[in-house]
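Novice: structure-v4.pdb is reproduced in full below (PDB, C-alpha atoms and all ligand atoms).
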ATOM      1  CA  MET Z1144      39.488  11.988  11.746  1.00  0.00           C
ATOM      2  CA  GLU Z1145      36.364  13.521  13.169  1.00  0.00           C
ATOM      3  CA  LEU Z1146      34.426  12.489  16.266  1.00  0.00           C
ATOM      4  CA  LEU Z1147      30.884  13.733  16.734  1.00  0.00           C
ATOM      5  CA  PHE Z1148      29.000  12.970  19.945  1.00  0.00           C
ATOM      6  CA  VAL Z1149      25.482  12.397  18.665  1.00  0.00           C
ATOM      7  CA  GLY Z1150      24.171  11.342  22.069  1.00  0.00           C
ATOM      8  CA  THR Z1151      25.763  11.477  25.515  1.00  0.00           C
ATOM      9  CA  GLY Z1152      23.024  10.342  27.862  1.00  0.00           C
ATOM     10  CA  VAL Z1153      21.156   7.177  28.768  1.00  0.00           C
ATOM     11  CA  GLY Z1154      17.664   5.709  28.379  1.00  0.00           C
ATOM     12  CA  VAL Z1155      16.096   7.929  31.052  1.00  0.00           C
ATOM     13  CA  PRO Z1156      14.494  10.929  29.303  1.00  0.00           C
ATOM     14  CA  ASN Z1157      16.554  14.102  29.386  1.00  0.00           C
ATOM     15  CA  ARG Z1158      15.976  17.358  27.487  1.00  0.00           C
ATOM     16  CA  GLU Z1159      19.657  17.844  26.698  1.00  0.00           C
ATOM     17  CA  ARG Z1160      20.921  14.319  26.049  1.00  0.00           C
ATOM     18  CA  ILE Z1161      19.671  11.333  24.103  1.00  0.00           C
ATOM     19  CA  GLY Z1162      21.259   7.925  24.770  1.00  0.00           C
ATOM     20  CA  SER Z1163      24.921   7.495  23.924  1.00  0.00           C
ATOM     21  CA  SER Z1164      25.932   7.269  20.250  1.00  0.00           C
ATOM     22  CA  LEU Z1165      29.198   8.373  18.645  1.00  0.00           C
ATOM     23  CA  TYR Z1166      29.690   9.201  14.961  1.00  0.00           C
ATOM     24  CA  ILE Z1167      33.200   8.855  13.556  1.00  0.00           C
ATOM     25  CA  LYS Z1168      34.451   9.933  10.163  1.00  0.00           C
ATOM     26  CA  ILE Z1169      37.750   8.533   8.947  1.00  0.00           C
ATOM     27  CA  ASN Z1170      38.620   9.942   5.531  1.00  0.00           C
ATOM     28  CA  HIS Z1171      35.493   9.163   3.516  1.00  0.00           C
ATOM     29  CA  ILE Z1172      34.325   6.318   5.709  1.00  0.00           C
ATOM     30  CA  SER Z1173      31.752   6.853   8.444  1.00  0.00           C
ATOM     31  CA  LEU Z1174      30.966   4.790  11.521  1.00  0.00           C
ATOM     32  CA  LEU Z1175      28.257   5.044  14.140  1.00  0.00           C
ATOM     33  CA  ILE Z1176      28.779   3.426  17.524  1.00  0.00           C
ATOM     34  CA  ASP Z1177      25.442   2.387  19.081  1.00  0.00           C
ATOM     35  CA  LEU Z1178      21.895   3.162  18.078  1.00  0.00           C
ATOM     36  CA  ALA Z1179      20.325   4.914  21.044  1.00  0.00           C
ATOM     37  CA  PRO Z1180      16.655   5.915  20.868  1.00  0.00           C
ATOM     38  CA  GLY Z1181      16.436   9.282  19.120  1.00  0.00           C
ATOM     39  CA  VAL Z1182      19.719   8.947  17.245  1.00  0.00           C
ATOM     40  CA  LEU Z1183      18.140   9.270  13.784  1.00  0.00           C
ATOM     41  CA  ARG Z1184      16.606  12.599  14.698  1.00  0.00           C
ATOM     42  CA  ARG Z1185      19.858  13.832  16.245  1.00  0.00           C
ATOM     43  CA  LEU Z1186      21.787  12.826  13.108  1.00  0.00           C
ATOM     44  CA  GLU Z1187      19.332  14.907  11.089  1.00  0.00           C
ATOM     45  CA  GLU Z1188      19.906  17.882  13.425  1.00  0.00           C
ATOM     46  CA  LEU Z1189      23.648  17.443  12.959  1.00  0.00           C
ATOM     47  CA  ASN Z1190      23.365  17.225   9.154  1.00  0.00           C
ATOM     48  CA  ILE Z1191      24.507  13.613   8.938  1.00  0.00           C
ATOM     49  CA  ARG Z1192      22.731  11.429   6.396  1.00  0.00           C
ATOM     50  CA  TYR Z1193      21.971   8.076   8.048  1.00  0.00           C
ATOM     51  CA  GLN Z1194      21.752   6.431   4.623  1.00  0.00           C
ATOM     52  CA  ASP Z1195      25.427   7.261   4.005  1.00  0.00           C
ATOM     53  CA  ILE Z1196      26.845   5.697   7.195  1.00  0.00           C
ATOM     54  CA  ASP Z1197      29.113   2.790   6.256  1.00  0.00           C
ATOM     55  CA  TYR Z1198      29.528   0.823   9.483  1.00  0.00           C
ATOM     56  CA  PHE Z1199      27.271   0.454  12.516  1.00  0.00           C
ATOM     57  CA  LEU Z1200      29.077  -0.722  15.640  1.00  0.00           C
ATOM     58  CA  ILE Z1201      27.216  -2.015  18.682  1.00  0.00           C
ATOM     59  CA  THR Z1202      28.771  -2.142  22.166  1.00  0.00           C
ATOM     60  CA  HIS Z1203      26.113  -4.311  23.858  1.00  0.00           C
ATOM     61  CA  PHE Z1204      22.468  -5.245  23.760  1.00  0.00           C
ATOM     62  CA  HIS Z1205      20.950  -2.945  26.379  1.00  0.00           C
ATOM     63  CA  VAL Z1206      17.970  -1.144  24.876  1.00  0.00           C
ATOM     64  CA  ASP Z1207      19.425   2.338  25.441  1.00  0.00           C
ATOM     65  CA  HIS Z1208      22.138   1.307  22.927  1.00  0.00           C
ATOM     66  CA  ILE Z1209      20.204  -0.587  20.238  1.00  0.00           C
ATOM     67  CA  LEU Z1210      16.557   0.421  20.303  1.00  0.00           C
ATOM     68  CA  GLU Z1211      16.802   2.590  17.172  1.00  0.00           C
ATOM     69  CA  LEU Z1212      17.995  -0.400  15.101  1.00  0.00           C
ATOM     70  CA  PRO Z1213      14.516  -1.549  13.936  1.00  0.00           C
ATOM     71  CA  LEU Z1214      13.593   2.042  13.081  1.00  0.00           C
ATOM     72  CA  LEU Z1215      16.837   2.441  11.112  1.00  0.00           C
ATOM     73  CA  LEU Z1216      16.081  -0.712   9.098  1.00  0.00           C
ATOM     74  CA  PHE Z1217      12.530   0.546   8.546  1.00  0.00           C
ATOM     75  CA  VAL Z1218      13.406   4.053   7.336  1.00  0.00           C
ATOM     76  CA  ALA Z1219      16.223   2.692   5.167  1.00  0.00           C
ATOM     77  CA  LYS Z1220      13.458   1.298   2.942  1.00  0.00           C
ATOM     78  CA  TYR Z1221      11.818   4.718   2.470  1.00  0.00           C
ATOM     79  CA  PRO Z1222      11.066   4.647  -1.283  1.00  0.00           C
ATOM     80  CA  LEU Z1223      11.979   8.323  -1.812  1.00  0.00           C
ATOM     81  CA  ASP Z1224      15.442   7.795  -0.301  1.00  0.00           C
ATOM     82  CA  PRO Z1225      16.253   4.091  -0.125  1.00  0.00           C
ATOM     83  CA  ARG Z1226      19.571   2.888   1.255  1.00  0.00           C
ATOM     84  CA  GLN Z1227      22.007   2.112  -1.567  1.00  0.00           C
ATOM     85  CA  LYS Z1228      24.922   0.710   0.424  1.00  0.00           C
ATOM     86  CA  ALA Z1229      25.156  -2.754   1.930  1.00  0.00           C
ATOM     87  CA  TRP Z1230      24.654  -2.909   5.693  1.00  0.00           C
ATOM     88  CA  GLN Z1231      27.723  -3.550   7.812  1.00  0.00           C
ATOM     89  CA  PHE Z1232      26.943  -4.338  11.438  1.00  0.00           C
ATOM     90  CA  CYS Z1233      29.820  -4.934  13.840  1.00  0.00           C
ATOM     91  CA  GLY Z1234      29.213  -6.108  17.364  1.00  0.00           C
ATOM     92  CA  PRO Z1235      29.389  -8.818  19.979  1.00  0.00           C
ATOM     93  CA  ARG Z1236      28.629 -12.463  19.328  1.00  0.00           C
ATOM     94  CA  GLY Z1237      24.874 -12.708  18.812  1.00  0.00           C
ATOM     95  CA  ILE Z1238      24.506  -9.562  16.694  1.00  0.00           C
ATOM     96  CA  ASP Z1239      23.154 -11.692  13.821  1.00  0.00           C
ATOM     97  CA  LYS Z1240      20.708 -13.438  16.191  1.00  0.00           C
ATOM     98  CA  LEU Z1241      19.477 -10.058  17.406  1.00  0.00           C
ATOM     99  CA  PHE Z1242      18.706  -9.155  13.810  1.00  0.00           C
ATOM    100  CA  ASP Z1243      16.862 -12.479  13.302  1.00  0.00           C
ATOM    101  CA  LYS Z1244      14.718 -11.755  16.364  1.00  0.00           C
ATOM    102  CA  LEU Z1245      13.856  -8.271  15.115  1.00  0.00           C
ATOM    103  CA  LEU Z1246      12.969  -9.698  11.729  1.00  0.00           C
ATOM    104  CA  TYR Z1247      10.734 -12.261  13.433  1.00  0.00           C
ATOM    105  CA  ALA Z1248       9.004  -9.476  15.399  1.00  0.00           C
ATOM    106  CA  TYR Z1249       8.633  -6.877  12.648  1.00  0.00           C
ATOM    107  CA  GLY Z1250       8.741  -8.935   9.423  1.00  0.00           C
ATOM    108  CA  LYS Z1251       8.848  -7.412   5.953  1.00  0.00           C
ATOM    109  CA  GLN Z1252       8.676  -3.805   7.123  1.00  0.00           C
ATOM    110  CA  ILE Z1253      12.334  -3.977   8.238  1.00  0.00           C
ATOM    111  CA  ALA Z1254      13.664  -6.702   5.870  1.00  0.00           C
ATOM    112  CA  PRO Z1255      16.648  -5.098   4.083  1.00  0.00           C
ATOM    113  CA  ASP Z1256      16.616  -4.466   0.345  1.00  0.00           C
ATOM    114  CA  VAL Z1257      20.438  -4.351   0.261  1.00  0.00           C
ATOM    115  CA  PRO Z1258      22.932  -7.028   1.396  1.00  0.00           C
ATOM    116  CA  ILE Z1259      23.552  -7.241   5.122  1.00  0.00           C
ATOM    117  CA  ASN Z1260      26.850  -8.333   6.705  1.00  0.00           C
ATOM    118  CA  PHE Z1261      27.645  -9.060  10.316  1.00  0.00           C
ATOM    119  CA  ILE Z1262      31.184  -8.748  11.646  1.00  0.00           C
ATOM    120  CA  GLU Z1263      31.683 -10.288  15.065  1.00  0.00           C
ATOM    121  CA  MET Z1264      34.055  -8.157  17.146  1.00  0.00           C
ATOM    122  CA  PRO Z1265      36.020  -9.440  18.946  1.00  0.00           C
ATOM    123  CA  PRO Z1266      37.705 -11.468  17.484  1.00  0.00           C
ATOM    124  CA  ASN Z1267      37.605  -9.627  14.145  1.00  0.00           C
ATOM    125  CA  THR Z1268      39.299  -6.306  13.430  1.00  0.00           C
ATOM    126  CA  LEU Z1269      37.836  -3.661  11.160  1.00  0.00           C
ATOM    127  CA  TYR Z1270      40.575  -2.374   8.838  1.00  0.00           C
ATOM    128  CA  LEU Z1271      39.993   1.074   7.358  1.00  0.00           C
ATOM    129  CA  PRO Z1272      42.522   3.048   5.282  1.00  0.00           C
ATOM    130  CA  GLY Z1273      45.338   3.835   7.750  1.00  0.00           C
ATOM    131  CA  TYR Z1274      43.325   2.777  10.812  1.00  0.00           C
ATOM    132  CA  ALA Z1275      42.330  -0.369  12.668  1.00  0.00           C
ATOM    133  CA  VAL Z1276      39.232  -0.658  14.842  1.00  0.00           C
ATOM    134  CA  THR Z1277      39.308  -3.397  17.473  1.00  0.00           C
ATOM    135  CA  ALA Z1278      36.889  -4.407  20.220  1.00  0.00           C
ATOM    136  CA  PHE Z1279      37.737  -5.282  23.814  1.00  0.00           C
ATOM    137  CA  ARG Z1280      35.652  -6.854  26.580  1.00  0.00           C
ATOM    138  CA  THR Z1281      34.284  -4.680  29.395  1.00  0.00           C
ATOM    139  CA  VAL Z1282      32.738  -5.366  32.817  1.00  0.00           C
ATOM    140  CA  HIS Z1283      29.050  -4.622  32.299  1.00  0.00           C
ATOM    141  CA  THR Z1284      27.073  -7.420  30.615  1.00  0.00           C
ATOM    142  CA  ARG Z1285      28.055 -10.843  29.304  1.00  0.00           C
ATOM    143  CA  GLU Z1286      28.581  -9.500  25.779  1.00  0.00           C
ATOM    144  CA  SER Z1287      29.570  -5.863  26.447  1.00  0.00           C
ATOM    145  CA  HIS Z1288      32.655  -4.344  24.909  1.00  0.00           C
ATOM    146  CA  GLY Z1289      34.269  -1.081  23.923  1.00  0.00           C
ATOM    147  CA  TYR Z1290      36.166  -0.030  20.787  1.00  0.00           C
ATOM    148  CA  LYS Z1291      39.710   1.146  20.133  1.00  0.00           C
ATOM    149  CA  ILE Z1292      40.688   3.045  16.991  1.00  0.00           C
ATOM    150  CA  GLU Z1293      44.378   3.304  16.163  1.00  0.00           C
ATOM    151  CA  GLY Z1294      46.208   4.744  13.189  1.00  0.00           C
ATOM    152  CA  ARG Z1295      48.414   7.580  11.896  1.00  0.00           C
ATOM    153  CA  GLY Z1296      49.960   7.931  15.370  1.00  0.00           C
ATOM    154  CA  LYS Z1297      46.605   8.439  17.123  1.00  0.00           C
ATOM    155  CA  LYS Z1298      44.712   6.280  19.570  1.00  0.00           C
ATOM    156  CA  ILE Z1299      41.076   6.724  20.564  1.00  0.00           C
ATOM    157  CA  VAL Z1300      39.363   4.491  23.109  1.00  0.00           C
ATOM    158  CA  TYR Z1301      35.597   4.352  23.632  1.00  0.00           C
ATOM    159  CA  SER Z1302      34.640   2.396  26.735  1.00  0.00           C
ATOM    160  CA  GLY Z1303      30.951   1.764  26.152  1.00  0.00           C
ATOM    161  CA  ASP Z1304      29.215   0.866  29.414  1.00  0.00           C
ATOM    162  CA  THR Z1305      31.624  -0.526  31.978  1.00  0.00           C
ATOM    163  CA  GLU Z1306      32.926  -0.681  35.499  1.00  0.00           C
ATOM    164  CA  PHE Z1307      36.480   0.347  36.342  1.00  0.00           C
ATOM    165  CA  SER Z1308      38.856  -2.496  35.444  1.00  0.00           C
ATOM    166  CA  ILE Z1309      42.564  -3.193  35.149  1.00  0.00           C
ATOM    167  CA  SER Z1310      42.094  -4.473  31.602  1.00  0.00           C
ATOM    168  CA  LEU Z1311      40.489  -1.162  30.610  1.00  0.00           C
ATOM    169  CA  ILE Z1312      43.540   0.687  31.981  1.00  0.00           C
ATOM    170  CA  GLU Z1313      45.745  -1.522  29.804  1.00  0.00           C
ATOM    171  CA  VAL Z1314      43.638  -0.979  26.685  1.00  0.00           C
ATOM    172  CA  SER Z1315      43.595   2.787  27.331  1.00  0.00           C
ATOM    173  CA  GLU Z1316      47.377   3.180  27.789  1.00  0.00           C
ATOM    174  CA  SER Z1317      48.546   6.533  26.367  1.00  0.00           C
ATOM    175  CA  ALA Z1318      45.261   7.148  24.513  1.00  0.00           C
ATOM    176  CA  ASP Z1319      45.101  10.548  22.812  1.00  0.00           C
ATOM    177  CA  ILE Z1320      41.388  10.635  23.476  1.00  0.00           C
ATOM    178  CA  LEU Z1321      39.876   8.433  26.137  1.00  0.00           C
ATOM    179  CA  ILE Z1322      36.083   8.437  26.089  1.00  0.00           C
ATOM    180  CA  LEU Z1323      34.730   6.862  29.261  1.00  0.00           C
ATOM    181  CA  GLU Z1324      31.276   6.378  30.599  1.00  0.00           C
ATOM    182  CA  ALA Z1325      30.518   8.204  33.859  1.00  0.00           C
ATOM    183  CA  SER Z1326      26.922   7.186  34.424  1.00  0.00           C
ATOM    184  CA  PHE Z1327      26.434   8.238  38.038  1.00  0.00           C
ATOM    185  CA  PRO Z1328      27.964  10.723  40.508  1.00  0.00           C
ATOM    186  CA  PHE Z1329      27.924   7.922  43.120  1.00  0.00           C
ATOM    187  CA  ASP Z1330      29.318   4.376  43.105  1.00  0.00           C
ATOM    188  CA  THR Z1331      27.205   1.582  41.660  1.00  0.00           C
ATOM    189  CA  THR Z1332      27.864  -1.746  39.955  1.00  0.00           C
ATOM    190  CA  GLY Z1333      28.246  -1.966  36.188  1.00  0.00           C
ATOM    191  CA  HIS Z1334      29.183   1.706  35.731  1.00  0.00           C
ATOM    192  CA  MET Z1335      31.723   4.366  36.717  1.00  0.00           C
ATOM    193  CA  THR Z1336      31.670   7.756  38.408  1.00  0.00           C
ATOM    194  CA  PRO Z1337      33.648  10.764  37.085  1.00  0.00           C
ATOM    195  CA  GLU Z1338      36.230  10.127  39.839  1.00  0.00           C
ATOM    196  CA  ARG Z1339      36.714   6.484  38.831  1.00  0.00           C
ATOM    197  CA  ALA Z1340      37.007   7.527  35.186  1.00  0.00           C
ATOM    198  CA  ALA Z1341      39.611  10.138  36.186  1.00  0.00           C
ATOM    199  CA  GLU Z1342      41.599   7.544  38.136  1.00  0.00           C
ATOM    200  CA  LEU Z1343      41.506   5.264  35.129  1.00  0.00           C
ATOM    201  CA  ALA Z1344      42.701   8.051  32.801  1.00  0.00           C
ATOM    202  CA  ARG Z1345      45.544   8.919  35.193  1.00  0.00           C
ATOM    203  CA  GLU Z1346      46.635   5.254  35.536  1.00  0.00           C
ATOM    204  CA  ALA Z1347      46.495   4.839  31.746  1.00  0.00           C
ATOM    205  CA  HIS Z1348      48.495   8.057  31.111  1.00  0.00           C
ATOM    206  CA  ALA Z1349      45.759   9.242  28.758  1.00  0.00           C
ATOM    207  CA  LYS Z1350      46.167  12.706  27.227  1.00  0.00           C
ATOM    208  CA  ARG Z1351      42.549  13.777  27.268  1.00  0.00           C
ATOM    209  CA  LEU Z1352      39.465  12.359  29.003  1.00  0.00           C
ATOM    210  CA  ILE Z1353      35.920  12.862  27.759  1.00  0.00           C
ATOM    211  CA  LEU Z1354      33.000  11.735  29.898  1.00  0.00           C
ATOM    212  CA  THR Z1355      29.744  10.465  28.427  1.00  0.00           C
ATOM    213  CA  HIS Z1356      26.696   8.231  29.148  1.00  0.00           C
ATOM    214  CA  MET Z1357      25.481  10.456  31.984  1.00  0.00           C
ATOM    215  CA  TYR Z1358      22.209  10.126  33.866  1.00  0.00           C
ATOM    216  CA  PRO Z1359      20.167  13.312  34.443  1.00  0.00           C
ATOM    217  CA  LEU Z1360      21.676  13.922  37.888  1.00  0.00           C
ATOM    218  CA  LYS Z1361      23.783  16.614  39.578  1.00  0.00           C
ATOM    219  CA  PHE Z1362      27.401  16.006  38.590  1.00  0.00           C
ATOM    220  CA  ASP Z1363      29.084  19.311  39.553  1.00  0.00           C
ATOM    221  CA  VAL Z1364      30.743  18.128  42.761  1.00  0.00           C
ATOM    222  CA  ALA Z1365      31.822  14.785  41.275  1.00  0.00           C
ATOM    223  CA  ILE Z1366      33.336  16.513  38.227  1.00  0.00           C
ATOM    224  CA  GLU Z1367      35.296  18.949  40.425  1.00  0.00           C
ATOM    225  CA  ARG Z1368      36.689  16.039  42.440  1.00  0.00           C
ATOM    226  CA  ALA Z1369      37.527  14.168  39.228  1.00  0.00           C
ATOM    227  CA  LYS Z1370      39.466  17.198  37.912  1.00  0.00           C
ATOM    228  CA  GLN Z1371      41.697  17.059  40.978  1.00  0.00           C
ATOM    229  CA  ILE Z1372      42.606  13.494  40.000  1.00  0.00           C
ATOM    230  CA  PHE Z1373      42.995  14.120  36.242  1.00  0.00           C
ATOM    231  CA  PRO Z1374      42.755  17.768  35.126  1.00  0.00           C
ATOM    232  CA  ASN Z1375      42.206  17.320  31.385  1.00  0.00           C
ATOM    233  CA  ILE Z1376      38.524  16.332  31.564  1.00  0.00           C
ATOM    234  CA  GLU Z1377      35.675  17.436  29.371  1.00  0.00           C
ATOM    235  CA  VAL Z1378      32.039  16.506  29.788  1.00  0.00           C
ATOM    236  CA  ALA Z1379      30.616  15.558  26.407  1.00  0.00           C
ATOM    237  CA  TYR Z1380      27.347  17.039  25.186  1.00  0.00           C
ATOM    238  CA  ASP Z1381      25.117  16.122  22.252  1.00  0.00           C
ATOM    239  CA  GLY Z1382      26.716  17.759  19.221  1.00  0.00           C
ATOM    240  CA  LEU Z1383      30.289  17.991  20.576  1.00  0.00           C
ATOM    241  CA  LYS Z1384      32.681  17.665  17.642  1.00  0.00           C
ATOM    242  CA  ILE Z1385      36.390  16.864  17.853  1.00  0.00           C
ATOM    243  CA  VAL Z1386      38.688  16.955  14.852  1.00  0.00           C
ATOM    244  CA  LEU Z1387      42.098  15.309  15.116  1.00  0.00           C
TER     245      LEU Z1387
HETATM  246 ZN    ZN X1401      24.369  -0.971  29.403  1.00  0.00          ZN
HETATM  247 ZN    ZN X1402      23.842   2.302  28.674  1.00  0.00          ZN
END
Using the file provided, produce a representation of the structure as C-alpha cells.
Specialist:
Amino acid sequence: MELLFVGTGVGVPNRERIGSSLYIKINHISLLIDLAPGVLRRLEELNIRYQDIDYFLITHFHVDHILELPLLLFVAKYPLDPRQKAWQFCGPRGIDKLFDKLLYAYGKQIAPDVPINFIEMPPNTLYLPGYAVTAFRTVHTRESHGYKIEGRGKKIVYSGDTEFSISLIEVSESADILILEASFPFDTTGHMTPERAAELAREAHAKRLILTHMYPLKFDVAIERAKQIFPNIEVAYDGLKIVL
C-alpha cells in the first residue's frame, strides 16, 4: 500500500500547502480522499493521472475539501483524454444531492459521459482486494467523518476534520499509521492542536502519528510540546509518500 499526501493544508492560501487531500494506492486500485482546491495540479506535479483514479472519497462538505469536484468533472470530459472509467464517489449522506446541485449550477459542461455511482459511507463499507475501507463519524460538521483502512495486518486511520473525541480514540486503537488533523497551534472548536492529536495517539496506542490540515501559522512550539506527549510524530507536507 502506498500513501501520498497530495495536500496538507487548508483553504487559506499557502505557498507550501494546498488543502488536504490524500492519495492511496492499494495494489492496482487508487483512491483519493477529498478534492481540495488545487488538487488536480498537485496530482500532475506528483505524476498521478486523475483519469485513472478509481474511487473518490469525501470526508465532509466544507469547500476546502470539495471545491475541485466541479473542475474534476469538467476536465474529465476533455476530448483529448476523456475519462474511461465509471465514477465512484464515496461520502456522507447527501453526496448524491451535492452532485445534483453542481449539475444544476454548471449544467452540461460537467455532466458525466461515463456512469456515476454514489456509495454512502457510513453505513456502507468499501471492499478492496485484501482491504476494507470504512467511515466513522467525527465531531466537526453534521455530516463529517473520517476513514479507516484495514487489511493484511495493517490499520490506517485518517481523521478528516475533527475535534478530539473518545470515539476517535476507539477507532484509532493500535493504528499503524494515524493521520490526524492539527489545524491550529491553539485550542479552538471543531479542530485539534498538535498536543491534542498527540494525546489522542498516546491514548489509542498508535504506532506512528502524522499531522495534516495545518493553517499557515507558527507550529514549532506546539509540535515540540506534542513530541513530549507522543514522540513518534511527523508533520506531513505536500508530496510526502509512505509505503507500507
Ligand atoms: Zn471542515
Ligand atoms: Zn478543512
Novice: Could you write out as a ChimeraX atom specification the residues that the PyMOL selection byres (((chain Z and resi 1314-1325) around 8) and not hetatm) matches in the shown file?
Specialist: /Z:1279,1291,1297-1305,1310-1313,1326-1328,1334-1337,1340,1344,1347-1357
Novice: Could you tell me which residues the PyMOL selection byres (((chain Z and resi 1147) around 9) and not hetatm) grabs in this file, written as JSON, numbers by chain?
Specialist: {"Z": [1145, 1146, 1148, 1149, 1150, 1164, 1165, 1166, 1167, 1168, 1189, 1381, 1382, 1383, 1384, 1385, 1386]}
Novice: Please return the centre and edge lengths, in Å to one decimal, of a box with edges along x, y and z that contains all listed atoms of stretch 1309-1323 of chain Z, widened by 5 Å on every side, as lines of an AutoDock Vina configuration file.
Specialist:
center_x = 41.6
center_y = 3.1
center_z = 29.0
size_x = 23.8
size_y = 25.1
size_z = 22.3
Novice: Could you work out how far atom CA of Z:Thr1332 lies from atom CA of Z:Ile1366, giving the answer in Å with one decimal?
Specialist: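 So the two atoms, atom CA of Z:Ile1366 and atom CA of Z:Thr1332, lie 19.1 Å apart.
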Novice: Give me, as JSON lines, the closest atom pair and its distance (Å, one decimal) for every residue of chain Z within a cut-off of 7 Å of ligand ZN 1401 (chain X), counting all atoms listed in the file, rows sorted by chain and rising number.
Specialist:
{"residue": "Z:His1203", "atom": "CA", "partner": "X:ZN1401", "partner_atom": "ZN", "distance": 6.7}
{"residue": "Z:His1205", "atom": "CA", "partner": "X:ZN1401", "partner_atom": "ZN", "distance": 5.0}
{"residue": "Z:His1283", "atom": "CA", "partner": "X:ZN1401", "partner_atom": "ZN", "distance": 6.6}
{"residue": "Z:Asp1304", "atom": "CA", "partner": "X:ZN1401", "partner_atom": "ZN", "distance": 5.2}
